[in-house]
Amino acid sequence: MGKKYQEYKQLDLTAINKDIFKYWEENNIFENSLKLRQGSKEFIFYEGPPSANGQPGIHHVMARAIKDIFCRYKSLKGYYVARKAGWDTHGLPVELGVEKNLGITKEDIGKNISVDDYNAACRAEVMKYKDLWDRLTKEMGYWVDLENPYITFKNEYIETLWFLIGELYNKGLLYKGYTIQPFSPAAGTGLSSHELNMPGCYKDVKDTTMVAQFKIKSDEYKEAYFIAWTTTPWTLPSNTALAVGTNIDYVWVDTFNPYSAKPITIILGKPLMNSFFSEESKDSPMEYNQNDKVLPYRVIKECKGKELVGMEYEQLLPWVKPQEGAFRVIGGDFVTTDDGTGIVHIAPTFGADDDRVAKQSGIPPLVLIDKEGKRQPMVDRSGKFFKIEELDNDFVENNINRELYSQFEGKYVKNAFDSKLTEKDISLDIEIALLLKQENKAFKIEKHIHNYPHCWRTDKPILYYPLDSWFIRTTALKDRMIELNKTINWKPESTGTGRFGNWLENLVDWNLSRSRYWGTPLPIWRTEDGKEEICITSVEMLSNEIGKSIAKGYMEENKYSSKDYNNFDLHRPYIDDVILVSSKGEKMIRETDLIDVWFDSGAMPYAQVHYPFECSENELKKNFPADFIAEGVDQTRGWFFTLHAISTLVFDSVAFKNVVSNGLVLDKNGNKMSKRLGNGVNPFEVIEKYGADATRWYMVSNSQPWENLKFDIEGVDEVRRKLFGTLYNTYSFFALYANIDSFEYKEAEINYEERPEIDRWILSELNSLIKMVDSSYNEYEPTRAARAIGNFVDEYLSNWYVRLCRRRFWKGEYTNDKISAYQTLYTCLEVISQLMSPIAPFFADRLFLDLNNVTRRYKSNDNSSISSVHHTDFPKVDEKLQDKALEERMQLAQKICSMVLSLRKRNNLKVRQPLQKIMIPTPNQEFIFQIESVEKLILSEVNVKKIEFLSPQNNILIKKAKANFKTLGPKYGQKMKAIALSLEQLSQDRISEIERDGKIYIDINGEKIELLTSDVDIVTQDIPGWVVLNEGNITVALDTTITESLLREAIARELVNRIQNIRKDKNFEITDFINVEIEYNSLLEQTIEEYRDYITGETLTQELSLVRKSDNFSLFMGNHKMESVSKIDVIEGIELEINISKV
RNA sequence: AGUCUCGUAGCUCAGUUGGUUAGAGCACUACACUGAUAAUGUAGGGGUCGGCGGUUCAAAUCCGCCCGAGACUACCA
């Protein structure tokens, strides 16, 4: 006696999830899946490192499901798929988390907390939620090696980064420069362009903006002003130039200052007149009082922008004297007349364009000199105006107007930077605006909503600020990067060509520097004058250089000489203590910058294997480039870019060949999930409630991964019911009967040719499915695969194959037909478990193991039963079993059945009522042939005795001719409409003519047109006297006559149905035999006489008797108790008592 | 502001190279079925395929403009 198939009371995906997880853990299923493929061809996968200092969300389940699906698929296909986990451990989020925990700001570092302690805190912070992440990884069934992850803060990892930076340095791709950069005073750091491009950084903010008046130096005009608009009035004290568009028309306008009512002349771009003056006030008298609504004006002169270039004006806010050459009008190619005044205020220290155009025109920036003699913009790094005491004494003496500047020194330029201020307080912008208003220098002050960049971590505004920085000259290899990108298979393609491609086209140099503490230090040491420098490319080199330094007496000990990397730390502050010696014997100090954390993650292909120190180039090539990576689309400019940049720059190669970038996971209303809205979905709760399989399946099947997913928990439940519920039912059905018959797949395979049509059909569909799913996975189209599997399970397997084959399982002897049915259904279930295993790894394994533990069809080398579906080979398509014609036939059968059922419904004829026949008009013998081979299925499904075919010649048919637009369209073009109309009106005779002759001539506007059979679709529309349904090219007629004999047959079936129901009510086993007594009725007597065998056979009845019921109940035969008597309603109006008992 | 993606039933999505009744599931309503039963079937309602224009004999499909959503880019005054 063999094993039994496991039977379950109900489907519990969460329990399956947990059981299988435990089973995997206990039996090392993941490790063994790797061992199994050792030595096979490798499929290289890179895990994008998450940062464990934040909690995982539901979108991480999405991204990781995608990764897992393809790694599992490739593993089934025979590849060795190493999956090394990784952790991103550097960067601002970590530092900010620490600052929050310790209640410090960056200014406290080194003062109130030692840099040492600070770094230690960072190390702890980095892995804050590691346990939670590991839990999610496991619970969602993501197979990745959590035991040996790469960690970006390890010395080995950093050493590889130094090596890579050295490569760039030696190729001349690394340089130090200064540019106006986005700078976050709140975070105290410059921001890279990809940080600035993090989603949500640009926000609409309401700021005070003003149009300021810059007084023209002129003898001719006493009160003439250029007017310029700014959204950042705090930059006005740093103004040193005005820019005009050389080809733009400007007007000189006599008018009044709206605040002071003084008469003035202003210059502005002609197209912008409307935003300051209304057409009607053109002729108003030149009189103006404060608060008048109408501002009168006269245009007195027009000129081109180039005529204005070179004009000088007075400094707007003469707080600080700049160098010579300031306060001139210059030409700027970026000036537009879309908004503002057509004249742009230029503050070279606070705008990238400003800086560029000022340099071109020889305009000096407005700079201060601090106590150390360094040139500084007017604003310091915390976002406030420098205090006078912080500045060089001589400079203050010669250049600063103490009286004016002292009112503003130390003020923050944005309230957000000042912990003492809120958004409601008066901002510096407003103060400056009010000051200028008093001085008759403000033409217009208003609140304005505009898009302004914010720091992605602190959420506070950024400033554009001049900073020293190290850059990677990515622009030098821009073309190569573009070229290599074309070889990458992007999913979706548009992300690669569009988003990523455009980004490469507009590439700027990569700003590598970060002024922070916790990160990879820039390995460059410089002499004080910057004339000599060295780039350290390994720990060994560092140690050697330190040796020289010790010899020179600059250092006392060498902490970096150990071979054991646990004995030292390459991080700040330790590395800052290293002083090296230049070739000329001068001290060299490390450049204090850290490098961009994105460099960390972009370098992971090399750093995870500690290239080139513990890994040769040949070994590296075994793990590079990746065959496949996947992350959210938000990584396009992040990880995807840095991987691509480093691999191109250093190795002249792509870093990945295939990439799937998945979309965002939104809430069910399409809103972004955020803590603020509280609409986030907790992944642990979802997995706990519905299991990882349903969650994963929902995410993958609902929409393409690169579309945004509107996550609706109802959808997960629907997947549970529709897919897993159906599949579970199908398995349960199989298990129930297979256990009764002890089917263990021990018999030889029934020959394909000997299997019934329906078995051959489902096997054909199954093989088509394998092919479809295989190619979908292979093309990184998981949605297509999931939908195909779902459709097969629901439509084909459950609702057609099992439904039609039920009798084969529960009736009769253990014949070849029955074995064929078992084998076929078993095969389907087994293959489904394999096909679905990448997406639903737990459920698939449960299903597979439940099957295989009985049959042991899959065995390991040691002849024991194989221990997981994930250890099998992906099913192979058997093309011999694919029979397209058969698939079509079955589709036809399904359609005809559905039509007949529909006819029954309309005519109120229950399926249990047998009917005599259906009639189907057929255009040709081929069609008859097709239907004949599925005839039995149709007849039994719709409970009809026979199918009659009506030949086209049959003249009772009413037919309709329709134009075949596809063939006629190209031939007749404009005449199409007339032809179509004419065909629709064709008489029955004329239609017969086409059928007989194979062609017909019709007359369109006097022109004779020949139409062939192929140009015309002829459809039977009606058969007079019959109930008819017509769909597409199929027509079905139903004979609705119910004869006496058909009625009796119906009664017999009703009776079987009632007896079965009672059996079930009484909880009899399906194998129990019964005795049945029914109250006498003449109609029944005849029926039972005729159908006794059928009834008793169906219901396992030993004795079936009709009993006359007298006036009292005592006449019931036998000794059965009264309670077992039920009443049944056999057919309408006849209610009888029935008594059923077990034998 | 620009670039890209998208807009089909109340909801989630299909819809081949343009071809004439625009589909499925969910939800809703009614009816049926019932040794798979917390399953299933049939029928029904529900769509000017975002809008307008164009190309074409023929447009959900191709083109242009506009509206709306999202992502990305952006020094934007």
# chains A, B, ... in the order shown; residues from 1 in each chain; ligands from 1
$ residues_around --residues "A:Arg856" --least-positions-apart "3" --cutoff "9 Å" --atoms "only C-alpha atoms (C1' of nucleotides)" --output "mmCIF file with all heavy atoms, in the first residue's frame"
data_model
loop_
_atom_site.group_PDB
_atom_site.id
_atom_site.type_symbol
_atom_site.label_atom_id
_atom_site.label_comp_id
_atom_site.auth_asym_id
_atom_site.auth_seq_id
_atom_site.Cartn_x
_atom_site.Cartn_y
_atom_site.Cartn_z
ATOM 1 N N GLU A 744 -0.913 5.848 -8.370
ATOM 2 C CA GLU A 744 0.410 6.326 -7.966
ATOM 3 C C GLU A 744 1.328 6.509 -9.164
ATOM 4 O O GLU A 744 2.546 6.555 -9.033
ATOM 5 C CB GLU A 744 1.045 5.342 -6.971
ATOM 6 C CG GLU A 744 0.361 5.345 -5.632
ATOM 7 C CD GLU A 744 0.874 4.221 -4.738
ATOM 8 O OE1 GLU A 744 2.064 3.871 -4.857
ATOM 9 O OE2 GLU A 744 0.077 3.698 -3.939
ATOM 10 N N TYR A 745 0.749 6.596 -10.285
ATOM 11 C CA TYR A 745 1.502 6.747 -11.540
ATOM 12 C C TYR A 745 2.488 5.599 -11.694
ATOM 13 O O TYR A 745 3.636 5.789 -12.105
ATOM 14 C CB TYR A 745 2.247 8.098 -11.599
ATOM 15 C CG TYR A 745 2.157 8.758 -12.946
ATOM 16 C CD1 TYR A 745 1.633 10.039 -13.097
ATOM 17 C CD2 TYR A 745 2.595 8.095 -14.099
ATOM 18 C CE1 TYR A 745 1.546 10.650 -14.337
ATOM 19 C CE2 TYR A 745 2.512 8.690 -15.331
ATOM 20 C CZ TYR A 745 1.986 9.972 -15.455
ATOM 21 O OH TYR A 745 1.902 10.560 -16.687
ATOM 22 N N LEU A 851 2.297 15.921 -4.758
ATOM 23 C CA LEU A 851 2.201 14.977 -5.867
ATOM 24 C C LEU A 851 3.373 14.002 -5.845
ATOM 25 O O LEU A 851 3.223 12.791 -5.873
ATOM 26 C CB LEU A 851 2.182 15.723 -7.207
ATOM 27 C CG LEU A 851 0.981 16.621 -7.480
ATOM 28 C CD1 LEU A 851 1.247 17.455 -8.728
ATOM 29 C CD2 LEU A 851 -0.291 15.807 -7.661
ATOM 30 N N ASN A 852 4.554 14.582 -5.770
ATOM 31 C CA ASN A 852 5.758 13.783 -5.965
ATOM 32 C C ASN A 852 6.047 12.840 -4.795
ATOM 33 O O ASN A 852 6.650 11.795 -4.984
ATOM 34 C CB ASN A 852 6.949 14.717 -6.211
ATOM 35 C CG ASN A 852 8.062 14.006 -6.943
ATOM 36 O OD1 ASN A 852 7.835 13.485 -8.032
ATOM 37 N ND2 ASN A 852 9.232 13.946 -6.343
ATOM 38 N N ASN A 853 5.608 13.232 -3.602
ATOM 39 C CA ASN A 853 5.845 12.356 -2.459
ATOM 40 C C ASN A 853 5.116 11.028 -2.612
ATOM 41 O O ASN A 853 5.494 10.034 -2.006
ATOM 42 C CB ASN A 853 5.425 13.040 -1.160
ATOM 43 C CG ASN A 853 6.460 14.076 -0.741
ATOM 44 O OD1 ASN A 853 7.587 14.058 -1.227
ATOM 45 N ND2 ASN A 853 6.059 14.977 0.131
ATOM 46 N N LYS A 859 13.350 11.975 -8.963
ATOM 47 C CA LYS A 859 14.225 11.414 -7.949
ATOM 48 C C LYS A 859 15.578 12.091 -7.962
ATOM 49 O O LYS A 859 16.042 12.567 -8.996
ATOM 50 C CB LYS A 859 14.412 9.908 -8.199
ATOM 51 C CG LYS A 859 13.173 9.124 -7.851
ATOM 52 C CD LYS A 859 13.363 7.649 -8.123
ATOM 53 C CE LYS A 859 12.033 6.939 -7.965
ATOM 54 N NZ LYS A 859 11.919 5.792 -8.843
ATOM 55 N N SER A 864 16.387 8.893 -3.766
ATOM 56 C CA SER A 864 15.306 9.344 -2.892
ATOM 57 C C SER A 864 14.472 10.356 -3.674
ATOM 58 O O SER A 864 14.901 10.879 -4.699
ATOM 59 C CB SER A 864 15.878 9.984 -1.639
ATOM 60 O OG SER A 864 16.570 11.165 -1.995
ATOM 61 N N SER A 865 13.316 10.610 -3.172
ATOM 62 C CA SER A 865 12.420 11.539 -3.836
ATOM 63 C C SER A 865 13.052 12.924 -3.839
ATOM 64 O O SER A 865 13.651 13.343 -2.846
ATOM 65 C CB SER A 865 11.096 11.538 -3.073
ATOM 66 O OG SER A 865 10.240 12.469 -3.607
ATOM 67 N N ILE A 866 12.946 13.632 -4.947
ATOM 68 C CA ILE A 866 13.544 14.967 -5.026
ATOM 69 C C ILE A 866 12.831 15.864 -4.031
ATOM 70 O O ILE A 866 11.653 15.690 -3.757
ATOM 71 C CB ILE A 866 13.468 15.514 -6.468
ATOM 72 C CG1 ILE A 866 14.501 16.613 -6.666
ATOM 73 C CG2 ILE A 866 12.084 16.034 -6.770
ATOM 74 C CD1 ILE A 866 14.683 16.964 -8.124
#
$ residues_around --residues "A:Tyr517" --least-positions-apart "5" --cutoff "9 Å" --atoms "only C-alpha atoms (C1' of nucleotides)" --output "MDAnalysis selection string"
chainID A and resid 91 95 115 118:119 571:573 592:594
$ write_last_selection --atoms "all heavy atoms" --output "mmCIF file, in the first residue's frame"
data_model
loop_
_atom_site.group_PDB
_atom_site.id
_atom_site.type_symbol
_atom_site.label_atom_id
_atom_site.label_comp_id
_atom_site.auth_asym_id
_atom_site.auth_seq_id
_atom_site.Cartn_x
_atom_site.Cartn_y
_atom_site.Cartn_z
ATOM 1 N N GLY A 91 26.393 57.077 3.649
ATOM 2 C CA GLY A 91 25.527 58.108 3.121
ATOM 3 C C GLY A 91 24.729 58.876 4.142
ATOM 4 O O GLY A 91 24.660 58.542 5.317
ATOM 5 N N GLU A 95 23.696 59.191 8.447
ATOM 6 C CA GLU A 95 24.139 60.298 9.291
ATOM 7 C C GLU A 95 22.963 61.041 9.889
ATOM 8 O O GLU A 95 22.966 61.406 11.066
ATOM 9 C CB GLU A 95 24.994 61.269 8.469
ATOM 10 C CG GLU A 95 26.322 60.670 8.071
ATOM 11 C CD GLU A 95 27.285 61.722 7.531
ATOM 12 O OE1 GLU A 95 27.347 62.813 8.111
ATOM 13 O OE2 GLU A 95 27.949 61.436 6.532
ATOM 14 N N VAL A 115 34.274 62.625 16.781
ATOM 15 C CA VAL A 115 34.041 62.036 15.470
ATOM 16 C C VAL A 115 34.089 60.518 15.588
ATOM 17 O O VAL A 115 33.378 59.790 14.895
ATOM 18 C CB VAL A 115 35.085 62.548 14.464
ATOM 19 C CG1 VAL A 115 34.809 61.993 13.088
ATOM 20 C CG2 VAL A 115 35.080 64.059 14.431
ATOM 21 N N TYR A 118 30.863 59.358 16.906
ATOM 22 C CA TYR A 118 29.888 59.594 15.855
ATOM 23 C C TYR A 118 29.935 58.462 14.820
ATOM 24 O O TYR A 118 28.907 57.918 14.421
ATOM 25 C CB TYR A 118 30.194 60.929 15.194
ATOM 26 C CG TYR A 118 29.272 61.293 14.069
ATOM 27 C CD1 TYR A 118 28.005 61.793 14.334
ATOM 28 C CD2 TYR A 118 29.664 61.144 12.745
ATOM 29 C CE1 TYR A 118 27.152 62.135 13.302
ATOM 30 C CE2 TYR A 118 28.820 61.479 11.706
ATOM 31 C CZ TYR A 118 27.568 61.973 11.992
ATOM 32 O OH TYR A 118 26.734 62.293 10.966
ATOM 33 N N ASN A 119 31.142 58.094 14.444
ATOM 34 C CA ASN A 119 31.276 57.019 13.465
ATOM 35 C C ASN A 119 30.784 55.685 14.005
ATOM 36 O O ASN A 119 30.155 54.898 13.296
ATOM 37 C CB ASN A 119 32.736 56.879 13.048
ATOM 38 C CG ASN A 119 32.982 57.547 11.718
ATOM 39 O OD1 ASN A 119 32.209 58.424 11.344
ATOM 40 N ND2 ASN A 119 34.016 57.150 11.024
ATOM 41 N N HIS A 571 37.941 54.613 7.452
ATOM 42 C CA HIS A 571 37.019 55.746 7.561
ATOM 43 C C HIS A 571 37.659 56.954 8.227
ATOM 44 O O HIS A 571 38.697 56.852 8.865
ATOM 45 C CB HIS A 571 35.795 55.334 8.395
ATOM 46 C CG HIS A 571 34.825 54.490 7.641
ATOM 47 N ND1 HIS A 571 34.830 53.123 7.717
ATOM 48 C CD2 HIS A 571 33.820 54.821 6.806
ATOM 49 C CE1 HIS A 571 33.870 52.639 6.959
ATOM 50 N NE2 HIS A 571 33.244 53.651 6.390
ATOM 51 N N ARG A 572 36.992 58.064 8.080
ATOM 52 C CA ARG A 572 37.285 59.209 8.922
ATOM 53 C C ARG A 572 36.865 58.840 10.341
ATOM 54 O O ARG A 572 35.952 58.060 10.522
ATOM 55 C CB ARG A 572 36.464 60.422 8.478
ATOM 56 C CG ARG A 572 36.816 60.872 7.079
ATOM 57 C CD ARG A 572 36.053 62.117 6.716
ATOM 58 N NE ARG A 572 36.608 63.277 7.421
ATOM 59 C CZ ARG A 572 36.100 64.513 7.286
ATOM 60 N NH1 ARG A 572 35.041 64.723 6.530
ATOM 61 N NH2 ARG A 572 36.639 65.516 7.925
ATOM 62 N N PRO A 573 37.476 59.334 11.349
ATOM 63 C CA PRO A 573 38.530 60.348 11.331
ATOM 64 C C PRO A 573 39.922 59.739 11.217
ATOM 65 O O PRO A 573 40.882 60.452 10.997
ATOM 66 C CB PRO A 573 38.378 61.006 12.703
ATOM 67 C CG PRO A 573 37.942 59.866 13.564
ATOM 68 C CD PRO A 573 37.065 59.004 12.703
ATOM 69 N N THR A 592 39.487 66.535 2.301
ATOM 70 C CA THR A 592 38.568 66.087 3.353
ATOM 71 C C THR A 592 37.272 65.464 2.833
ATOM 72 O O THR A 592 36.512 64.902 3.607
ATOM 73 C CB THR A 592 38.187 67.260 4.269
ATOM 74 O OG1 THR A 592 37.714 68.309 3.447
ATOM 75 C CG2 THR A 592 39.368 67.699 5.082
ATOM 76 N N ASP A 593 37.047 65.576 1.525
ATOM 77 C CA ASP A 593 35.764 65.079 1.019
ATOM 78 C C ASP A 593 35.612 63.572 1.140
ATOM 79 O O ASP A 593 36.575 62.820 1.147
ATOM 80 C CB ASP A 593 35.617 65.444 -0.465
ATOM 81 C CG ASP A 593 35.400 66.922 -0.637
ATOM 82 O OD1 ASP A 593 34.948 67.566 0.324
ATOM 83 O OD2 ASP A 593 35.698 67.428 -1.730
ATOM 84 N N LEU A 594 34.345 63.183 1.229
ATOM 85 C CA LEU A 594 33.985 61.780 1.004
ATOM 86 C C LEU A 594 33.521 61.671 -0.432
ATOM 87 O O LEU A 594 33.278 62.675 -1.091
ATOM 88 C CB LEU A 594 32.827 61.368 1.916
ATOM 89 C CG LEU A 594 33.026 61.480 3.408
ATOM 90 C CD1 LEU A 594 31.777 60.972 4.105
ATOM 91 C CD2 LEU A 594 34.226 60.660 3.836
#
$ residues_around --residues "B:G64" --least-positions-apart "6" --cutoff "12 Å" --atoms "only C-alpha atoms (C1' of nucleotides)" --output "number ranges by chain"
B: 52-55
$ residues_around --residues "B:U34" --least-positions-apart "2" --cutoff "10 Å" --atoms "only C-alpha atoms (C1' of nucleotides)" --output "PyMOL selection string"
(chain A and resi 1057+1060-1061) or (chain B and resi 37+39-40)
$ write_last_selection --atoms "all heavy atoms" --output "PDB file, in the first residue's frame"
ATOM      1  N   ASN A1057     -30.583  13.177  -8.996  1.00  0.00           N
ATOM      2  CA  ASN A1057     -30.130  14.410  -8.361  1.00  0.00           C
ATOM      3  C   ASN A1057     -30.635  14.529  -6.928  1.00  0.00           C
ATOM      4  O   ASN A1057     -29.887  14.852  -6.011  1.00  0.00           O
ATOM      5  CB  ASN A1057     -30.601  15.595  -9.214  1.00  0.00           C
ATOM      6  CG  ASN A1057     -30.499  16.907  -8.473  1.00  0.00           C
ATOM      7  OD1 ASN A1057     -31.498  17.489  -8.107  1.00  0.00           O
ATOM      8  ND2 ASN A1057     -29.263  17.338  -8.241  1.00  0.00           N
ATOM      9  N   GLN A1060     -28.966  11.975  -4.670  1.00  0.00           N
ATOM     10  CA  GLN A1060     -27.578  12.386  -4.394  1.00  0.00           C
ATOM     11  C   GLN A1060     -27.540  13.482  -3.348  1.00  0.00           C
ATOM     12  O   GLN A1060     -26.707  13.475  -2.445  1.00  0.00           O
ATOM     13  CB  GLN A1060     -26.891  12.892  -5.670  1.00  0.00           C
ATOM     14  CG  GLN A1060     -26.742  11.881  -6.788  1.00  0.00           C
ATOM     15  CD  GLN A1060     -25.660  10.847  -6.530  1.00  0.00           C
ATOM     16  OE1 GLN A1060     -25.473  10.434  -5.390  1.00  0.00           O
ATOM     17  NE2 GLN A1060     -25.000  10.391  -7.580  1.00  0.00           N
ATOM     18  N   ASN A1061     -28.484  14.427  -3.493  1.00  0.00           N
ATOM     19  CA  ASN A1061     -28.508  15.526  -2.517  1.00  0.00           C
ATOM     20  C   ASN A1061     -28.753  15.010  -1.112  1.00  0.00           C
ATOM     21  O   ASN A1061     -28.144  15.469  -0.153  1.00  0.00           O
ATOM     22  CB  ASN A1061     -29.593  16.544  -2.889  1.00  0.00           C
ATOM     23  CG  ASN A1061     -29.135  17.424  -4.042  1.00  0.00           C
ATOM     24  OD1 ASN A1061     -27.969  17.397  -4.424  1.00  0.00           O
ATOM     25  ND2 ASN A1061     -30.067  18.184  -4.603  1.00  0.00           N
TER      26      ASN A1061
ATOM     27  P     U B  37     -15.250  20.001  -2.611  1.00  0.00           P
ATOM     28  OP1   U B  37     -14.097  20.466  -1.840  1.00  0.00           O
ATOM     29  OP2   U B  37     -15.866  18.691  -2.332  1.00  0.00           O
ATOM     30  O5'   U B  37     -16.383  21.105  -2.519  1.00  0.00           O
ATOM     31  C5'   U B  37     -16.024  22.480  -2.544  1.00  0.00           C
ATOM     32  C4'   U B  37     -17.273  23.315  -2.464  1.00  0.00           C
ATOM     33  O4'   U B  37     -17.963  23.223  -3.735  1.00  0.00           O
ATOM     34  C3'   U B  37     -18.259  22.877  -1.385  1.00  0.00           C
ATOM     35  O3'   U B  37     -18.754  24.021  -0.717  1.00  0.00           O
ATOM     36  C2'   U B  37     -19.402  22.228  -2.170  1.00  0.00           C
ATOM     37  O2'   U B  37     -20.683  22.439  -1.590  1.00  0.00           O
ATOM     38  C1'   U B  37     -19.328  22.984  -3.497  1.00  0.00           C
ATOM     39  N1    U B  37     -19.842  22.206  -4.629  1.00  0.00           N
ATOM     40  C2    U B  37     -21.069  22.587  -5.126  1.00  0.00           C
ATOM     41  O2    U B  37     -21.706  23.511  -4.657  1.00  0.00           O
ATOM     42  N3    U B  37     -21.502  21.838  -6.173  1.00  0.00           N
ATOM     43  C4    U B  37     -20.861  20.795  -6.768  1.00  0.00           C
ATOM     44  O4    U B  37     -21.376  20.231  -7.720  1.00  0.00           O
ATOM     45  C5    U B  37     -19.589  20.460  -6.191  1.00  0.00           C
ATOM     46  C6    U B  37     -19.138  21.170  -5.154  1.00  0.00           C
ATOM     47  P     A B  39     -17.153  30.305  -3.345  1.00  0.00           P
ATOM     48  OP1   A B  39     -16.480  31.549  -3.751  1.00  0.00           O
ATOM     49  OP2   A B  39     -18.610  30.269  -3.237  1.00  0.00           O
ATOM     50  O5'   A B  39     -16.725  29.146  -4.341  1.00  0.00           O
ATOM     51  C5'   A B  39     -15.366  29.066  -4.786  1.00  0.00           C
ATOM     52  C4'   A B  39     -15.223  27.908  -5.728  1.00  0.00           C
ATOM     53  O4'   A B  39     -15.990  26.778  -5.226  1.00  0.00           O
ATOM     54  C3'   A B  39     -15.773  28.116  -7.133  1.00  0.00           C
ATOM     55  O3'   A B  39     -14.925  28.870  -7.952  1.00  0.00           O
ATOM     56  C2'   A B  39     -15.913  26.667  -7.588  1.00  0.00           C
ATOM     57  O2'   A B  39     -14.654  26.096  -7.852  1.00  0.00           O
ATOM     58  C1'   A B  39     -16.496  26.037  -6.320  1.00  0.00           C
ATOM     59  N9    A B  39     -17.956  26.183  -6.342  1.00  0.00           N
ATOM     60  C8    A B  39     -18.757  26.990  -5.585  1.00  0.00           C
ATOM     61  N7    A B  39     -20.024  26.909  -5.873  1.00  0.00           N
ATOM     62  C5    A B  39     -20.066  25.999  -6.915  1.00  0.00           C
ATOM     63  C6    A B  39     -21.123  25.481  -7.682  1.00  0.00           C
ATOM     64  N6    A B  39     -22.395  25.832  -7.504  1.00  0.00           N
ATOM     65  N1    A B  39     -20.829  24.593  -8.642  1.00  0.00           N
ATOM     66  C2    A B  39     -19.551  24.242  -8.821  1.00  0.00           C
ATOM     67  N3    A B  39     -18.465  24.663  -8.166  1.00  0.00           N
ATOM     68  C4    A B  39     -18.793  25.539  -7.213  1.00  0.00           C
ATOM     69  P     U B  40     -15.553  29.941  -8.884  1.00  0.00           P
ATOM     70  OP1   U B  40     -14.463  30.507  -9.690  1.00  0.00           O
ATOM     71  OP2   U B  40     -16.426  30.820  -8.095  1.00  0.00           O
ATOM     72  O5'   U B  40     -16.491  29.070  -9.831  1.00  0.00           O
ATOM     73  C5'   U B  40     -15.924  28.107 -10.708  1.00  0.00           C
ATOM     74  C4'   U B  40     -17.000  27.389 -11.449  1.00  0.00           C
ATOM     75  O4'   U B  40     -17.966  26.828 -10.510  1.00  0.00           O
ATOM     76  C3'   U B  40     -17.860  28.233 -12.369  1.00  0.00           C
ATOM     77  O3'   U B  40     -17.206  28.521 -13.594  1.00  0.00           O
ATOM     78  C2'   U B  40     -19.082  27.343 -12.550  1.00  0.00           C
ATOM     79  O2'   U B  40     -18.794  26.273 -13.422  1.00  0.00           O
ATOM     80  C1'   U B  40     -19.249  26.791 -11.127  1.00  0.00           C
ATOM     81  N1    U B  40     -20.201  27.588 -10.332  1.00  0.00           N
ATOM     82  C2    U B  40     -21.548  27.543 -10.692  1.00  0.00           C
ATOM     83  O2    U B  40     -21.965  26.886 -11.614  1.00  0.00           O
ATOM     84  N3    U B  40     -22.375  28.317  -9.919  1.00  0.00           N
ATOM     85  C4    U B  40     -22.012  29.107  -8.853  1.00  0.00           C
ATOM     86  O4    U B  40     -22.873  29.743  -8.256  1.00  0.00           O
ATOM     87  C5    U B  40     -20.602  29.113  -8.553  1.00  0.00           C
ATOM     88  C6    U B  40     -19.770  28.362  -9.278  1.00  0.00           C
TER      89        U B  40
END
$ residues_around --residues "B:U20" --least-positions-apart "6" --cutoff "12 Å" --atoms "only C-alpha atoms (C1' of nucleotides)" --output "NGL selection string"
(:A and (962-966 or 969 or 976-977 or 980-981)) or (:B and (58-59))
$ atom_distance --atom1 "atom CA of A:Thr240" --atom2 "atom CA of A:Leu272"
23.5 Å
$ select_by_dssp --residues "stretch 910-1077 of chain A" --states "strand (DSSP E)" --output "number ranges by chain"
A: 915-921, 944-950, 958-963, 999-1004, 1007-1012, 1016-1022, 1027-1031, 1034-1038, 1074-1077
$ closest_residue --among "A:Ser867, A:Ser549, A:Asn101, A:Gln55" --to "A:Cys122" --atoms "only C-alpha atoms"
A:Asn101
